[in-house]
file model_20.pdb (PDB, C-alpha atoms, pLDDT in the B column)
ATOM      1  CA  MET A   1      37.235  45.616  33.508  1.00 82.00           C
ATOM      2  CA  ARG A   2      33.728  46.832  32.704  1.00 90.00           C
ATOM      3  CA  ARG A   3      30.667  45.332  34.344  1.00 91.00           C
ATOM      4  CA  ARG A   4      27.041  45.362  33.210  1.00 93.00           C
ATOM      5  CA  ILE A   5      25.296  47.034  36.167  1.00 94.00           C
ATOM      6  CA  PHE A   6      21.718  47.784  37.197  1.00 93.00           C
ATOM      7  CA  ILE A   7      19.833  48.787  40.347  1.00 95.00           C
ATOM      8  CA  ALA A   8      16.999  46.478  41.378  1.00 96.00           C
ATOM      9  CA  ILE A   9      14.561  45.313  44.003  1.00 97.00           C
ATOM     10  CA  ASN A  10      14.938  41.600  44.605  1.00 96.00           C
ATOM     11  CA  LEU A  11      11.805  39.585  45.306  1.00 97.00           C
ATOM     12  CA  PRO A  12      10.907  37.525  48.348  1.00 96.00           C
ATOM     13  CA  GLU A  13      11.381  33.778  47.836  1.00 95.00           C
ATOM     14  CA  ASN A  14       7.667  32.999  48.300  1.00 96.00           C
ATOM     15  CA  LEU A  15       6.792  35.305  45.393  1.00 96.00           C
ATOM     16  CA  LYS A  16       9.541  33.787  43.211  1.00 96.00           C
ATOM     17  CA  LYS A  17       8.026  30.374  43.950  1.00 96.00           C
ATOM     18  CA  ARG A  18       4.514  31.513  42.920  1.00 94.00           C
ATOM     19  CA  LEU A  19       5.860  33.042  39.726  1.00 94.00           C
ATOM     20  CA  ARG A  20       7.841  29.885  38.931  1.00 94.00           C
ATOM     21  CA  GLU A  21       4.609  27.872  39.324  1.00 92.00           C
ATOM     22  CA  TYR A  22       2.887  30.221  36.861  1.00 89.00           C
ATOM     23  CA  GLN A  23       5.743  29.786  34.363  1.00 88.00           C
ATOM     24  CA  GLU A  24       5.611  25.991  34.712  1.00 88.00           C
ATOM     25  CA  LYS A  25       1.994  26.013  33.474  1.00 84.00           C
ATOM     26  CA  TRP A  26       3.386  27.173  30.109  1.00 81.00           C
ATOM     27  CA  ILE A  27       6.527  25.048  29.964  1.00 80.00           C
ATOM     28  CA  HIS A  28       5.141  23.199  26.915  1.00 81.00           C
ATOM     29  CA  LEU A  29       5.521  26.317  24.710  1.00 78.00           C
ATOM     30  CA  ASP A  30       8.272  26.002  22.133  1.00 77.00           C
ATOM     31  CA  PRO A  31      11.512  27.491  23.555  1.00 82.00           C
ATOM     32  CA  LYS A  32      12.448  28.888  20.148  1.00 81.00           C
ATOM     33  CA  PHE A  33       9.551  31.353  20.603  1.00 81.00           C
ATOM     34  CA  ILE A  34       9.832  32.141  24.314  1.00 85.00           C
ATOM     35  CA  ARG A  35      12.613  32.598  26.860  1.00 87.00           C
ATOM     36  CA  TRP A  36      11.489  32.377  30.478  1.00 89.00           C
ATOM     37  CA  THR A  37      13.165  34.439  33.170  1.00 92.00           C
ATOM     38  CA  ARG A  38      14.871  32.113  35.630  1.00 92.00           C
ATOM     39  CA  SER A  39      13.283  32.345  39.061  1.00 91.00           C
ATOM     40  CA  SER A  40      16.664  33.293  40.535  1.00 91.00           C
ATOM     41  CA  ASN A  41      16.716  36.310  38.166  1.00 94.00           C
ATOM     42  CA  LEU A  42      13.213  37.637  38.904  1.00 96.00           C
ATOM     43  CA  HIS A  43      13.474  41.228  40.115  1.00 96.00           C
ATOM     44  CA  ILE A  44      12.182  44.774  39.591  1.00 95.00           C
ATOM     45  CA  THR A  45      14.582  47.035  37.750  1.00 92.00           C
ATOM     46  CA  LEU A  46      14.882  50.551  39.138  1.00 92.00           C
ATOM     47  CA  SER A  47      17.580  51.702  36.726  1.00 89.00           C
ATOM     48  CA  PHE A  48      19.782  50.060  34.104  1.00 88.00           C
ATOM     49  CA  LEU A  49      23.243  51.642  34.188  1.00 89.00           C
ATOM     50  CA  GLY A  50      25.044  49.817  31.390  1.00 89.00           C
ATOM     51  CA  TYR A  51      28.720  48.879  31.350  1.00 91.00           C
ATOM     52  CA  LEU A  52      30.715  50.572  34.112  1.00 92.00           C
ATOM     53  CA  SER A  53      34.330  50.397  35.208  1.00 93.00           C
ATOM     54  CA  ASP A  54      35.210  49.205  38.714  1.00 93.00           C
ATOM     55  CA  ASP A  55      35.715  52.823  39.789  1.00 93.00           C
ATOM     56  CA  GLU A  56      32.345  53.879  38.351  1.00 92.00           C
ATOM     57  CA  THR A  57      30.669  50.889  40.026  1.00 93.00           C
ATOM     58  CA  TYR A  58      32.179  51.854  43.388  1.00 94.00           C
ATOM     59  CA  GLU A  59      31.063  55.461  42.843  1.00 93.00           C
ATOM     60  CA  ILE A  60      27.522  54.314  41.987  1.00 93.00           C
ATOM     61  CA  CYS A  61      27.368  52.258  45.204  1.00 94.00           C
ATOM     62  CA  GLU A  62      28.369  55.292  47.272  1.00 95.00           C
ATOM     63  CA  ILE A  63      25.950  57.619  45.453  1.00 94.00           C
ATOM     64  CA  VAL A  64      23.058  55.164  45.833  1.00 95.00           C
ATOM     65  CA  LYS A  65      23.718  54.719  49.570  1.00 96.00           C
ATOM     66  CA  LYS A  66      23.348  58.479  50.037  1.00 95.00           C
ATOM     67  CA  ALA A  67      20.317  58.771  47.742  1.00 94.00           C
ATOM     68  CA  VAL A  68      18.238  56.126  49.530  1.00 95.00           C
ATOM     69  CA  LYS A  69      18.832  57.425  53.074  1.00 94.00           C
ATOM     70  CA  LYS A  70      15.725  59.612  52.875  1.00 92.00           C
ATOM     71  CA  HIS A  71      13.473  56.748  51.764  1.00 97.00           C
ATOM     72  CA  GLU A  72      11.486  54.478  54.064  1.00 97.00           C
ATOM     73  CA  PRO A  73      10.364  50.889  53.369  1.00 98.00           C
ATOM     74  CA  PHE A  74       7.138  50.675  51.340  1.00 97.00           C
ATOM     75  CA  ASN A  75       4.733  48.122  49.857  1.00 97.00           C
ATOM     76  CA  LEU A  76       4.319  47.221  46.202  1.00 97.00           C
ATOM     77  CA  ILE A  77       1.059  45.772  44.900  1.00 97.00           C
ATOM     78  CA  PHE A  78       0.767  43.660  41.736  1.00 96.00           C
ATOM     79  CA  GLN A  79      -2.486  42.574  40.074  1.00 92.00           C
ATOM     80  CA  ARG A  80      -2.231  41.205  36.569  1.00 89.00           C
ATOM     81  CA  ILE A  81       0.035  39.675  33.959  1.00 87.00           C
ATOM     82  CA  VAL A  82       0.217  41.979  30.919  1.00 84.00           C
ATOM     83  CA  LEU A  83       2.078  42.471  27.640  1.00 80.00           C
ATOM     84  CA  GLY A  84       4.994  44.850  27.553  1.00 77.00           C
ATOM     85  CA  PRO A  85       6.391  47.274  26.944  1.00 78.00           C
ATOM     86  CA  PRO A  86       3.356  49.563  26.862  1.00 75.00           C
ATOM     87  CA  ASN A  87       2.641  51.448  23.627  1.00 76.00           C
ATOM     88  CA  LYS A  88       5.089  49.306  21.627  1.00 79.00           C
ATOM     89  CA  LYS A  89       4.976  45.989  19.793  1.00 78.00           C
ATOM     90  CA  PRO A  90       4.793  43.374  22.581  1.00 77.00           C
ATOM     91  CA  ARG A  91       7.977  41.358  23.113  1.00 82.00           C
ATOM     92  CA  MET A  92       7.624  40.306  26.731  1.00 84.00           C
ATOM     93  CA  PHE A  93       5.065  39.771  29.371  1.00 82.00           C
ATOM     94  CA  TRP A  94       5.280  40.701  32.980  1.00 88.00           C
ATOM     95  CA  LEU A  95       3.513  41.002  36.283  1.00 92.00           C
ATOM     96  CA  ALA A  96       2.400  44.641  36.389  1.00 91.00           C
ATOM     97  CA  GLY A  97       2.459  46.704  39.535  1.00 93.00           C
ATOM     98  CA  ILE A  98       0.100  49.455  40.544  1.00 93.00           C
ATOM     99  CA  GLU A  99       1.488  52.981  40.342  1.00 91.00           C
ATOM    100  CA  ASN A 100       3.163  53.743  43.625  1.00 91.00           C
ATOM    101  CA  LYS A 101       4.361  57.148  44.858  1.00 94.00           C
ATOM    102  CA  GLU A 102       7.127  55.703  47.053  1.00 96.00           C
ATOM    103  CA  PHE A 103       8.470  53.610  44.153  1.00 95.00           C
ATOM    104  CA  SER A 104       8.356  56.603  41.783  1.00 93.00           C
ATOM    105  CA  ASP A 105      10.039  58.865  44.359  1.00 94.00           C
ATOM    106  CA  LEU A 106      12.794  56.303  44.947  1.00 95.00           C
ATOM    107  CA  GLN A 107      13.387  55.839  41.227  1.00 92.00           C
ATOM    108  CA  LYS A 108      13.431  59.617  40.675  1.00 91.00           C
ATOM    109  CA  SER A 109      15.936  60.123  43.531  1.00 92.00           C
ATOM    110  CA  LEU A 110      18.202  57.432  42.103  1.00 92.00           C
ATOM    111  CA  ASN A 111      18.048  58.832  38.578  1.00 88.00           C
ATOM    112  CA  GLU A 112      18.816  62.351  39.797  1.00 89.00           C
ATOM    113  CA  ALA A 113      21.714  61.121  41.960  1.00 91.00           C
ATOM    114  CA  ILE A 114      23.367  59.090  39.195  1.00 88.00           C
ATOM    115  CA  ALA A 115      22.689  61.521  36.340  1.00 84.00           C
ATOM    116  CA  GLY A 116      26.339  62.634  36.240  1.00 72.00           C
ATOM    117  CA  ILE A 117      27.586  59.168  35.329  1.00 69.00           C
ATOM    118  CA  HIS A 118      27.050  57.755  31.841  1.00 56.00           C
ATOM    119  CA  VAL A 119      23.885  55.746  32.437  1.00 60.00           C
ATOM    120  CA  LYS A 120      20.701  54.768  30.658  1.00 56.00           C
ATOM    121  CA  THR A 121      17.691  55.365  32.885  1.00 58.00           C
ATOM    122  CA  SER A 122      13.939  55.474  32.449  1.00 62.00           C
ATOM    123  CA  LEU A 123      10.989  55.979  34.727  1.00 61.00           C
ATOM    124  CA  VAL A 124       8.533  53.083  34.598  1.00 72.00           C
ATOM    125  CA  ARG A 125       5.878  51.429  36.697  1.00 81.00           C
ATOM    126  CA  PRO A 126       7.036  48.534  38.827  1.00 92.00           C
ATOM    127  CA  HIS A 127       6.949  45.278  36.868  1.00 92.00           C
ATOM    128  CA  ILE A 128       8.514  41.831  36.961  1.00 94.00           C
ATOM    129  CA  THR A 129       9.511  40.403  33.566  1.00 92.00           C
ATOM    130  CA  LEU A 130       8.363  36.765  33.330  1.00 92.00           C
ATOM    131  CA  ALA A 131       9.400  36.018  29.735  1.00 89.00           C
ATOM    132  CA  ARG A 132      10.570  37.463  26.444  1.00 87.00           C
ATOM    133  CA  PHE A 133       9.062  36.179  23.232  1.00 84.00           C
ATOM    134  CA  ASN A 134       9.062  36.576  19.469  1.00 80.00           C
ATOM    135  CA  SER A 135       6.162  36.840  17.025  1.00 69.00           C
ATOM    136  CA  GLY A 136       5.789  33.058  16.707  1.00 64.00           C
ATOM    137  CA  LEU A 137       4.094  33.099  20.096  1.00 66.00           C
ATOM    138  CA  LEU A 138       1.457  35.713  19.248  1.00 63.00           C
ATOM    139  CA  GLU A 139      -1.358  33.188  18.859  1.00 63.00           C
ATOM    140  CA  PHE A 140      -0.925  32.088  22.507  1.00 61.00           C
ATOM    141  CA  LEU A 141      -0.641  35.543  24.048  1.00 63.00           C
ATOM    142  CA  PRO A 142      -4.276  36.098  25.061  1.00 58.00           C
ATOM    143  CA  GLU A 143      -4.153  32.940  27.193  1.00 60.00           C
ATOM    144  CA  LEU A 144      -0.776  33.773  28.683  1.00 61.00           C
ATOM    145  CA  VAL A 145      -1.659  37.261  29.829  1.00 63.00           C
ATOM    146  CA  SER A 146      -5.292  37.011  30.798  1.00 61.00           C
ATOM    147  CA  GLU A 147      -4.600  35.753  34.292  1.00 72.00           C
ATOM    148  CA  GLU A 148      -5.086  37.825  37.398  1.00 86.00           C
ATOM    149  CA  PHE A 149      -2.124  37.506  39.741  1.00 91.00           C
ATOM    150  CA  LYS A 150      -2.579  39.493  42.924  1.00 93.00           C
ATOM    151  CA  THR A 151       0.259  39.875  45.365  1.00 95.00           C
ATOM    152  CA  GLN A 152       2.059  42.460  47.440  1.00 96.00           C
ATOM    153  CA  PHE A 153       5.265  42.658  49.397  1.00 97.00           C
ATOM    154  CA  SER A 154       7.323  45.102  51.420  1.00 97.00           C
ATOM    155  CA  VAL A 155      10.423  46.702  49.932  1.00 97.00           C
ATOM    156  CA  ASP A 156      13.029  47.390  52.608  1.00 97.00           C
ATOM    157  CA  SER A 157      16.215  47.289  50.518  1.00 97.00           C
ATOM    158  CA  ILE A 158      17.539  47.723  46.994  1.00 98.00           C
ATOM    159  CA  GLN A 159      20.450  45.992  45.312  1.00 98.00           C
ATOM    160  CA  ILE A 160      23.252  47.037  42.981  1.00 97.00           C
ATOM    161  CA  MET A 161      23.391  44.083  40.595  1.00 96.00           C
ATOM    162  CA  GLN A 162      25.847  42.773  38.026  1.00 96.00           C
ATOM    163  CA  SER A 163      24.586  40.948  34.952  1.00 94.00           C
ATOM    164  CA  ASN A 164      26.871  38.400  33.311  1.00 91.00           C
ATOM    165  CA  LEU A 165      25.612  37.496  29.848  1.00 85.00           C
ATOM    166  CA  LYS A 166      26.196  33.850  28.925  1.00 83.00           C
ATOM    167  CA  ARG A 167      24.950  31.503  26.210  1.00 79.00           C
ATOM    168  CA  SER A 168      22.633  29.899  28.758  1.00 74.00           C
ATOM    169  CA  GLY A 169      21.191  33.307  29.681  1.00 77.00           C
ATOM    170  CA  ALA A 170      22.008  36.117  32.058  1.00 84.00           C
ATOM    171  CA  GLU A 171      23.318  35.382  35.526  1.00 90.00           C
ATOM    172  CA  TYR A 172      22.833  38.077  38.146  1.00 94.00           C
ATOM    173  CA  SER A 173      24.847  38.686  41.280  1.00 95.00           C
ATOM    174  CA  VAL A 174      24.356  41.201  44.083  1.00 96.00           C
ATOM    175  CA  LEU A 175      27.288  43.598  44.449  1.00 96.00           C
ATOM    176  CA  GLU A 176      25.736  45.673  47.229  1.00 96.00           C
ATOM    177  CA  SER A 177      22.482  45.546  49.191  1.00 97.00           C
ATOM    178  CA  ILE A 178      21.324  48.856  50.646  1.00 97.00           C
ATOM    179  CA  GLU A 179      18.568  49.150  53.256  1.00 97.00           C
ATOM    180  CA  LEU A 180      15.906  51.838  52.998  1.00 96.00           C
TER     181      LEU A 180
END

call {"tool": "encode", "arguments": {"input": "model_20.pdb", "output": "structure tokens"}}
result
Amino acid sequence: MRRRIFIAINLPENLKKRLREYQEKWIHLDPKFIRWTRSSNLHITLSFLGYLSDDETYEICEIVKKAVKKHEPFNLIFQRIVLGPPNKKPRMFWLAGIENKEFSDLQKSLNEAIAGIHVKTSLVRPHITLARFNSGLLEFLPELVSEEFKTQFSVDSIQIMQSNLKRSGAEYSVLESIEL
């Protein structure tokens, strides 16, 4: 069996609640143009690994445990809701984080450690995807993304996650939680 796997930072419940309240302000937007991220699925992706076998998933868990041993807990700071991805046609909006050396170092360590396994990785700034949209929503975008949204939280663990794609949307489950 192959599983759709990624490495993430899960969010504290109080931040998920604040983000859910932000999303609820826009609940009137036509769902054929926008798909909101469920609050239970809000996270920060460190690396998307793709479809892995059970053996590859086990190997990834072991590799990640070793790779994060040298990393200490750190804080992430977020300031504003913006369009994404940068330098491309916008198709989502997210809460953007400030560049962070500890986050970048952690992501780099993970990518180097898992480079031998067939994975798709990319280095990005920390961000939390709030919604995906299509071009029918473009007229509302300035309102949606003009809001300041300041918050910060401590990262003391990362999670190996499985994504199950369903008609109702993705459902995520934690396979392994690893402390920094």

call {"tool": "closest_residue", "arguments": {"input": "model_20.pdb", "among": "A:Asn164, A:Ser157, A:Gln23, A:Asn100", "to": "Glu176 in chain A", "atoms": "only C-alpha atoms"}}
result
A:Ser157

call {"tool": "resolve_selection", "arguments": {"input": "model_20.pdb", "expression": "the PyMOL selection byres ((chain A and resi 47) around 6)", "output": "short mmCIF file (atom, residue, chain, number, x, y, z; two decimals) with C-alpha atoms, in the frame of the given file"}}
result
data_model
loop_
_atom_site.label_atom_id
_atom_site.label_comp_id
_atom_site.auth_asym_id
_atom_site.auth_seq_id
_atom_site.Cartn_x
_atom_site.Cartn_y
_atom_site.Cartn_z
CA PHE A 6 21.72 47.78 37.20
CA ILE A 7 19.83 48.79 40.35
CA THR A 45 14.58 47.04 37.75
CA LEU A 46 14.88 50.55 39.14
CA PHE A 48 19.78 50.06 34.10
CA THR A 121 17.69 55.36 32.88
#

call {"tool": "closest_residue", "arguments": {"input": "model_20.pdb", "among": "A:Ile114, A:Val82, A:Val124, A:Leu130", "to": "Glu59 in chain A", "atoms": "all atoms listed in the file"}}
result
A:Ile114

call {"tool": "residues_around", "arguments": {"input": "model_20.pdb", "residues": "Leu76 in chain A", "least_positions_apart": "2", "cutoff": "12 Å", "atoms": "only C-alpha atoms", "output": "ChimeraX atom specification"}}
result
/A:9,11-12,44,73-74,78-79,95-104,125-128,150-156

call {"tool": "resolve_selection", "arguments": {"input": "model_20.pdb", "expression": "the PyMOL selection byres ((chain A and resi 30) around 12)", "output": "NGL selection string"}}
result
:A and (26-29 or 31-36 or 133-134 or 136-137 or 140)

call {"tool": "closest_residue", "arguments": {"input": "model_20.pdb", "among": "A:Pro90, A:Leu175, A:Leu165, A:Leu110", "to": "Tyr58 in chain A", "atoms": "all atoms listed in the file"}}
result
A:Leu175

call {"tool": "closest_residue", "arguments": {"input": "model_20.pdb", "among": "A:Ile178, A:Arg3, A:Ser163, A:Leu15", "to": "Asp55 in chain A", "atoms": "all atoms listed in the file"}}
result
A:Arg3

call {"tool": "atom_distance", "arguments": {"input": "model_20.pdb", "atom1": "CA of His43 in chain A", "atom2": "CA of Leu180 in chain A"}}
result
16.9 Å

call {"tool": "resolve_selection", "arguments": {"input": "model_20.pdb", "expression": "the PyMOL selection byres ((chain A and resi 38) around 10)", "output": "PDB file with C-alpha atoms, keeping the file's coordinate frame"}}
result
ATOM      1  CA  LYS A  16       9.541  33.787  43.211  1.00 96.00           C
ATOM      2  CA  LEU A  19       5.860  33.042  39.726  1.00 94.00           C
ATOM      3  CA  ARG A  20       7.841  29.885  38.931  1.00 94.00           C
ATOM      4  CA  GLN A  23       5.743  29.786  34.363  1.00 88.00           C
ATOM      5  CA  ARG A  35      12.613  32.598  26.860  1.00 87.00           C
ATOM      6  CA  TRP A  36      11.489  32.377  30.478  1.00 89.00           C
ATOM      7  CA  THR A  37      13.165  34.439  33.170  1.00 92.00           C
ATOM      8  CA  SER A  39      13.283  32.345  39.061  1.00 91.00           C
ATOM      9  CA  SER A  40      16.664  33.293  40.535  1.00 91.00           C
ATOM     10  CA  ASN A  41      16.716  36.310  38.166  1.00 94.00           C
ATOM     11  CA  LEU A  42      13.213  37.637  38.904  1.00 96.00           C
ATOM     12  CA  LEU A 130       8.363  36.765  33.330  1.00 92.00           C
ATOM     13  CA  ALA A 131       9.400  36.018  29.735  1.00 89.00           C
ATOM     14  CA  GLY A 169      21.191  33.307  29.681  1.00 77.00           C
ATOM     15  CA  ALA A 170      22.008  36.117  32.058  1.00 84.00           C
ATOM     16  CA  GLU A 171      23.318  35.382  35.526  1.00 90.00           C
TER      17      GLU A 171
END

call {"tool": "atom_distance", "arguments": {"input": "model_20.pdb", "atom1": "CA of Gly84 in chain A", "atom2": "CA of Glu148 in chain A"}}
result
15.7 Å

call {"tool": "atom_distance", "arguments": {"input": "model_20.pdb", "atom1": "CA of Trp94 in chain A", "atom2": "CA of Ile81 in chain A"}}
result
5.4 Å

call {"tool": "closest_residue", "arguments": {"input": "model_20.pdb", "among": "A:Asn111, A:Pro85, A:Glu179, A:Ile160", "to": "Thr129 in chain A", "atoms": "all atoms listed in the file"}}
result
A:Pro85

call {"tool": "closest_residue", "arguments": {"input": "model_20.pdb", "among": "A:Lys89, A:Tyr22, A:Thr57, A:Asn14", "to": "Gln162 in chain A", "atoms": "only C-alpha atoms"}}
result
A:Thr57

call {"tool": "decode", "arguments": {"input": "model_20.pdb", "residues": "range 38-60 of chain A", "atoms": "C-alpha atoms", "output": "PDB file, in the first residue's frame"}}
result
ATOM      1  CA  ARG A  38     -10.630  22.781   7.416  1.00  0.00           C
ATOM      2  CA  SER A  39      -9.373  24.017  10.768  1.00  0.00           C
ATOM      3  CA  SER A  40      -8.343  20.463  11.665  1.00  0.00           C
ATOM      4  CA  ASN A  41      -6.074  20.469   8.572  1.00  0.00           C
ATOM      5  CA  LEU A  42      -4.324  23.804   9.193  1.00  0.00           C
ATOM      6  CA  HIS A  43      -0.572  23.227   9.363  1.00  0.00           C
ATOM      7  CA  ILE A  44       2.800  24.362   8.001  1.00  0.00           C
ATOM      8  CA  THR A  45       4.294  22.027   5.438  1.00  0.00           C
ATOM      9  CA  LEU A  46       8.017  21.397   5.796  1.00  0.00           C
ATOM     10  CA  SER A  47       8.271  18.883   2.962  1.00  0.00           C
ATOM     11  CA  PHE A  48       5.823  17.038   0.719  1.00  0.00           C
ATOM     12  CA  LEU A  49       7.089  13.502   0.105  1.00  0.00           C
ATOM     13  CA  GLY A  50       4.451  12.083  -2.226  1.00  0.00           C
ATOM     14  CA  TYR A  51       3.247   8.486  -2.295  1.00  0.00           C
ATOM     15  CA  LEU A  52       5.445   6.144  -0.256  1.00  0.00           C
ATOM     16  CA  SER A  53       5.277   2.456   0.563  1.00  0.00           C
ATOM     17  CA  ASP A  54       4.988   1.312   4.183  1.00  0.00           C
ATOM     18  CA  ASP A  55       8.709   0.503   4.197  1.00  0.00           C
ATOM     19  CA  GLU A  56       9.613   3.932   2.791  1.00  0.00           C
ATOM     20  CA  THR A  57       7.316   5.605   5.337  1.00  0.00           C
ATOM     21  CA  TYR A  58       9.012   3.727   8.186  1.00  0.00           C
ATOM     22  CA  GLU A  59      12.424   4.685   6.774  1.00  0.00           C
ATOM     23  CA  ILE A  60      11.377   8.351   6.536  1.00  0.00           C
TER      24      ILE A  60
END
